[in-house]
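Heads up: the structure comes next, in C-alpha cells.
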Amino acid sequence: MQDFGQSFALAFDLVWSADPTLMEIIGLSIKVSLSAVVLACLIGLPLGAAIGMSRFRGRDASIIILNALMGLPPVVVGLLVYLTLSRAGPLGVFGLLYTPAAMIIAQTILITPIVAALSRQVIEDLHNEYAEQFRSLCVPPRAAIAALLWDARYSLLTVMLAGFGRAVAEVGAVIIVGGNIDHLTRVMTTAIALETSKGDLALALALGLVLMVMALAVNAGVMMLRMTAQRQAYA
Amino acid sequence: MLDRNATFDPATAEPAARHAEEILPCVAQGLTFEAGGKTIVDGIDVTLEQGPVTMVMGPNGAGKTVLVRLLHGMLEPTAGQVLWAGKPVGEENRKRQAMVFQNPVLLRRSVVSNIEFVLKLRGAGGREQAMEILRSASLDDKANQPARLLSGGERQRLAMARALATDPDVLFLDEPTASLDPASVLVIEDIVRDAHQRGVKIIFITHDLGQARRLADEVIFIHRGKIVERSPAKQFFNAPASREAKDYLAGRIVL
C-alpha cells in the first residue's frame with residue numbers, strides 16, 4: 001500500500017507524462033461511451049420526440065416506465081446482457097461477451113432511457129409551443145419530429161452530455177460484460193476498481209482524476225451550450 | 001408593397017380568383033362548438049365567397065376565434081359541418097389556407113429558415129425564393145438573425161410572410177395587430193391589402209374599428225356564439241342594424 005501523498009504525486013506524474021497504459025484505458029473508455037451515446041441517441045431521440053408530440057392511449061404509463069428506466073441498476077443491465085451474450089444465451093453465437101461491443105451494448109441499454117426520457121420532456125415543451133402553428137400549416141408528423149429535434153438541438157446536446165456522463169462513469173455493467181481484460185476491455189472505472197483492490201492507488205487516483213476532469217468538462221460544456229443558446233435567443 | 005397612402009377601394013380592388021374556385025365558397029352549416037358545458041359557437045350558418053375582405057367582429061368571448069378555427073379545421077365542431085367548395089375540411093383544402101395568430105410562434109431558427117421551412121413543406125423554392133419573400137416583408141436585411149430577436153412588429157411581419165409563403169387561397173388573421181405600434185399596424189395592413197389584391201380571400205378578426213374601416217368590405221358581427229349581423233362595411237359602420245352592433249360601435253358593453 002502506497003503512502004497517500006505519494007500516490008497523489010505518482011498519479012499526477014502518470015497524467016502529466018501521458019502514461020501509455022493510462023492513455024489506452026482512457027481511449028477505450030471514451031470510445032465505448034461515445035459509441036453508446038451515439039447509439040442511444042439514434043434510438044432515444046426519435047423515441048422521445050415521438051412520445052413528446054403524440055397523444056395515445058397508455059402515454060402516461062409509457063412516460064412513467066421511461067422515467068423509471070432512467071434508474072436502471074447497471075449491475076442488473078450487466079447481468080441481463082451477460083445472459084443474452086453468453087454462449088448459452090440467444091445471442092451467444094456472435095461471441096461478443098468480453099469485448100468492447102458487449103460493453104457498448106450494455107451502456108446503450110443503460111443510457112437510452114435517459115436520452116429518451118429527457119428528450120421527451122424537451123420536445124414536449126417545444127411541441128406545446130409549436131403545436132398550433134404546425135396544425136395550421138398541416139406539418140406531417142415526420143417533418144414535425146425533424147423540426148422539433150433541430151430546433152431543440154441545444155437542449156438535446158445537454159441531454160447527450162448527460163448520457164455520456166452517466167456512461168463514462170458507470171462500472172457495474174461494463175465489468176460484468178467486459179470482464180476488465182487488460183488491453184482489451186479495461187476502461188477507467190473498471191481499472192479504478194481493480195487497482196484499488198490491488199492497493200495500487202497511483203493508477204486508480206490518476207484515472208479518478210481524469211474522470212473528475214471529464215465530469216467537469218461535461219458540465220462546463222452543458223453550461224457553455226446553454227449560454228450560447230441564450231445568447232443566440234434560440235432557447 | 002402597396003403605397004400606404006393610397007385609398008383602398010374594394011370596388012376596384014376586387015381580386016380575380018387565383019385557384020380559389022377550387023376551395024371557395026366556404027359553407028358552414030349549423031356550426032356548433034361546446035367546451036366545458038358552454039356553447040361557444042351556436043349553430044352558425046355562413047357562406048364565405050371569393051372576393052371581399054371579411055372582417056369578423058364582436059365583443060370579447062363572442063366566439064370569433066373559435067369560429068375562425070372551426071372554419072380553418074383547427075377545431076372539430078361539436079355539431080354541424082364546414083364545406084370548402086362542397087368538400088369537408090381535410091388536408092387537401094387546409095393546405096390552401098393559412099392562419100396568422102395574435103402571438104406569432106416563430107421557429108427557433110433564423111428569419112430566413114422560418115420561410116424556408118414552409119417552402120420546403122409545400123415543395124417549393126429554396127433560399128432565393130425565401131429571400132424574395134423576405135424582401136416583400138422588408139425583412140431581407142435580417143434574414144440571418146435569430147427570428148426570436150425580432151421586434152414585435154417584425155415578428156408579426158415574418159409570421160405574415162411565412163403564411164403567405166404557403167401561397168394560400170384563404171388567409172385567416174386572428175387579431176394580428178393587437179399588440180403592435182401604429183406604424184407596424186399599417187405595414188401589416190399593407191401586406192393584407194397586397195395579398196387581397198393578388199386574390200387571397202381575407203378573413204380578419206379585429207377589435208380595432210379604425211382598422212376595420214380601412215380594410216373591411218363586409219363585416220360579420222358575432223355575439224354569444226351567433227352571427228347577429230352581416231353587412232357591407234359601409235352599412236355596418238354607418239347604420240348598424242342590430243342593437244348589439246350599435247352598442248359595440250358606441251363603445252358600450254354589449255349585453
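For the C-alpha cells, the naming scheme is as follows: chains receive sequential letters (A, B, ...) according to their order of presentation, residues are indexed from 1 within each chain, and ligands are indexed from 1 in presentation order.
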Item checked: Exercise answer, chain B residues close to chain A, 10 Å and only C-alpha atoms, as an MDAnalysis selection string -> chainID B and resid 69 72:75 90:92 94:101 104:110 117:118 120:122 145:149 162:163 166
Next item on the list: Could you find all residues in region 7-231 of chain B that DSSP calls alpha helix (DSSP H) from the backbone, and write them as a ChimeraX atom specification?
Entry: /B:64-72,91-94,111-121,127-136,152-165,182-197,209-215
Check: Taking only C-alpha atoms into account, which of A:Leu45, A:Ile111, A:Ile63, A:Arg55 comes nearest Leu156 (chain A)?
Finding: A:Leu45
Give me every strand (DSSP E) residue in region 24-189 of chain B, going by DSSP on the backbone, as a short mmCIF file (atom, residue, chain, number, x, y, z; two decimals) with C-alpha atoms, in the first residue's frame.
data_model
loop_
_atom_site.label_atom_id
_atom_site.label_comp_id
_atom_site.auth_asym_id
_atom_site.auth_seq_id
_atom_site.Cartn_x
_atom_site.Cartn_y
_atom_site.Cartn_z
CA CYS B 26 -66.68 28.06 -47.65
CA VAL B 27 -70.02 26.98 -46.26
CA ALA B 28 -70.63 26.44 -42.55
CA GLN B 29 -73.84 24.65 -41.69
CA GLY B 30 -75.21 24.54 -38.15
CA LEU B 31 -71.68 25.01 -36.85
CA THR B 32 -71.61 24.44 -33.10
CA PHE B 33 -68.77 24.15 -30.64
CA GLU B 34 -69.17 23.38 -26.96
CA ALA B 35 -66.49 23.26 -24.30
CA LYS B 38 -70.64 26.09 -22.52
CA THR B 39 -71.72 26.75 -26.08
CA ILE B 40 -69.03 28.89 -27.69
CA VAL B 41 -70.30 28.78 -31.26
CA ASP B 42 -74.02 28.24 -31.53
CA GLY B 43 -75.36 26.80 -34.77
CA ILE B 44 -73.77 29.27 -37.16
CA ASP B 45 -74.70 29.15 -40.84
CA VAL B 46 -72.47 31.25 -43.01
CA THR B 47 -71.12 31.26 -46.57
CA LEU B 48 -67.85 32.95 -47.42
CA THR B 54 -64.41 39.73 -44.42
CA MET B 55 -63.94 41.29 -41.02
CA VAL B 56 -65.15 39.24 -38.06
CA MET B 57 -66.02 41.48 -35.13
CA ALA B 79 -72.16 19.69 -34.39
CA GLY B 80 -72.57 20.94 -37.92
CA GLN B 81 -70.01 20.97 -40.68
CA VAL B 82 -67.75 23.12 -42.81
CA LEU B 83 -67.53 22.56 -46.54
CA TRP B 84 -64.87 24.05 -48.76
CA LYS B 87 -65.80 19.16 -49.67
CA PRO B 88 -65.44 18.59 -45.93
CA GLN B 97 -55.38 28.07 -46.21
CA ALA B 98 -53.06 29.87 -43.81
CA MET B 99 -53.54 31.49 -40.46
CA VAL B 100 -51.73 34.24 -38.59
CA VAL B 170 -57.56 31.89 -47.92
CA LEU B 171 -55.79 33.79 -45.17
CA PHE B 172 -57.23 33.86 -41.64
CA LEU B 173 -55.92 36.61 -39.38
CA ASP B 174 -56.70 36.47 -35.68
#
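The residue set within 10 Å of Thr21 (chain A), counting only C-alpha atoms and dropping same-chain residues fewer than 4 places from it, reads Leu14, Ile25, Ile26, Gly27, Asp182, His183 and Leu203 of chain A.
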Next item on the list: Using only C-alpha atoms, determine which residues lie at most 12 Å from Leu255 (chain B), disregarding the query and same-chain residues fewer than 5 positions distant; provide the list as a ChimeraX atom specification.
Entry: /B:58-62,223-224,243-248
Suppose we keep C-alpha atoms; can you now write the selection as a short mmCIF file (atom, residue, chain, number, x, y, z; two decimals), in the first residue's frame?
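Wrote out18.cif, looks like this:
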data_model
loop_
_atom_site.label_atom_id
_atom_site.label_comp_id
_atom_site.auth_asym_id
_atom_site.auth_seq_id
_atom_site.Cartn_x
_atom_site.Cartn_y
_atom_site.Cartn_z
CA GLY B 58 -67.67 41.19 -31.78
CA PRO B 59 -67.03 41.64 -28.08
CA ASN B 60 -64.53 39.54 -26.14
CA GLY B 61 -65.75 35.98 -25.69
CA ALA B 62 -68.22 36.25 -28.55
CA HIS B 223 -72.36 37.88 -30.17
CA ARG B 224 -72.75 34.93 -27.82
CA ARG B 243 -78.70 46.61 -31.18
CA GLU B 244 -75.57 44.65 -30.26
CA ALA B 245 -73.53 46.15 -33.12
CA LYS B 246 -74.77 49.64 -32.25
CA ASP B 247 -73.65 49.17 -28.64
CA TYR B 248 -70.30 47.75 -29.74
#
Name the residues in contact with Gly71 (chain A) at a cut-off of 12 Å, using only C-alpha atoms, excluding same-chain residues fewer than 3 positions from it; report them as a short mmCIF file (atom, residue, chain, number, x, y, z; two decimals) with C-alpha atoms, in the first residue's frame.
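Printed below is selection02.cif as written:
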data_model
loop_
_atom_site.label_atom_id
_atom_site.label_comp_id
_atom_site.auth_asym_id
_atom_site.auth_seq_id
_atom_site.Cartn_x
_atom_site.Cartn_y
_atom_site.Cartn_z
CA ILE A 64 -43.72 6.59 -16.12
CA ILE A 65 -41.92 3.46 -17.38
CA LEU A 66 -39.43 5.54 -19.36
CA ASN A 67 -38.68 7.72 -16.35
CA ALA A 68 -38.33 4.66 -14.13
CA PRO A 74 -26.12 -1.07 -14.00
CA VAL A 75 -25.37 -4.48 -12.48
CA VAL A 76 -28.82 -5.74 -13.46
CA VAL A 77 -28.33 -4.49 -17.01
CA ILE A 109 -29.26 -0.06 -22.77
CA LEU A 110 -28.41 1.96 -19.67
CA ILE A 111 -28.47 5.41 -21.25
CA THR A 112 -31.15 5.07 -23.94
CA PRO A 113 -33.92 5.60 -21.35
CA ILE A 114 -32.07 8.67 -20.05
CA ALA A 117 -36.94 10.48 -21.15
CA ARG A 166 -23.61 8.52 -17.00
#
Margin query: Residues within 12 Å of Asn144 (chain B), please, as a list in words. Count only C-alpha atoms; anything in the same chain fewer than 6 positions from it doesn't count.
Written below: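 My reading of the contact set: Gln232 of chain A; Arg109, Ser110, Val111, Val112, Ser113, Asn114, Ile115, Glu116, Arg127, Ala130, Met131, Leu134 and Leu150 of chain B.
The smallest atom-to-atom distance between Met23 (chain A) and any of A:Ala36, A:Leu201, A:Leu207, A:Met224, using only C-alpha atoms, is found for A:Leu207.
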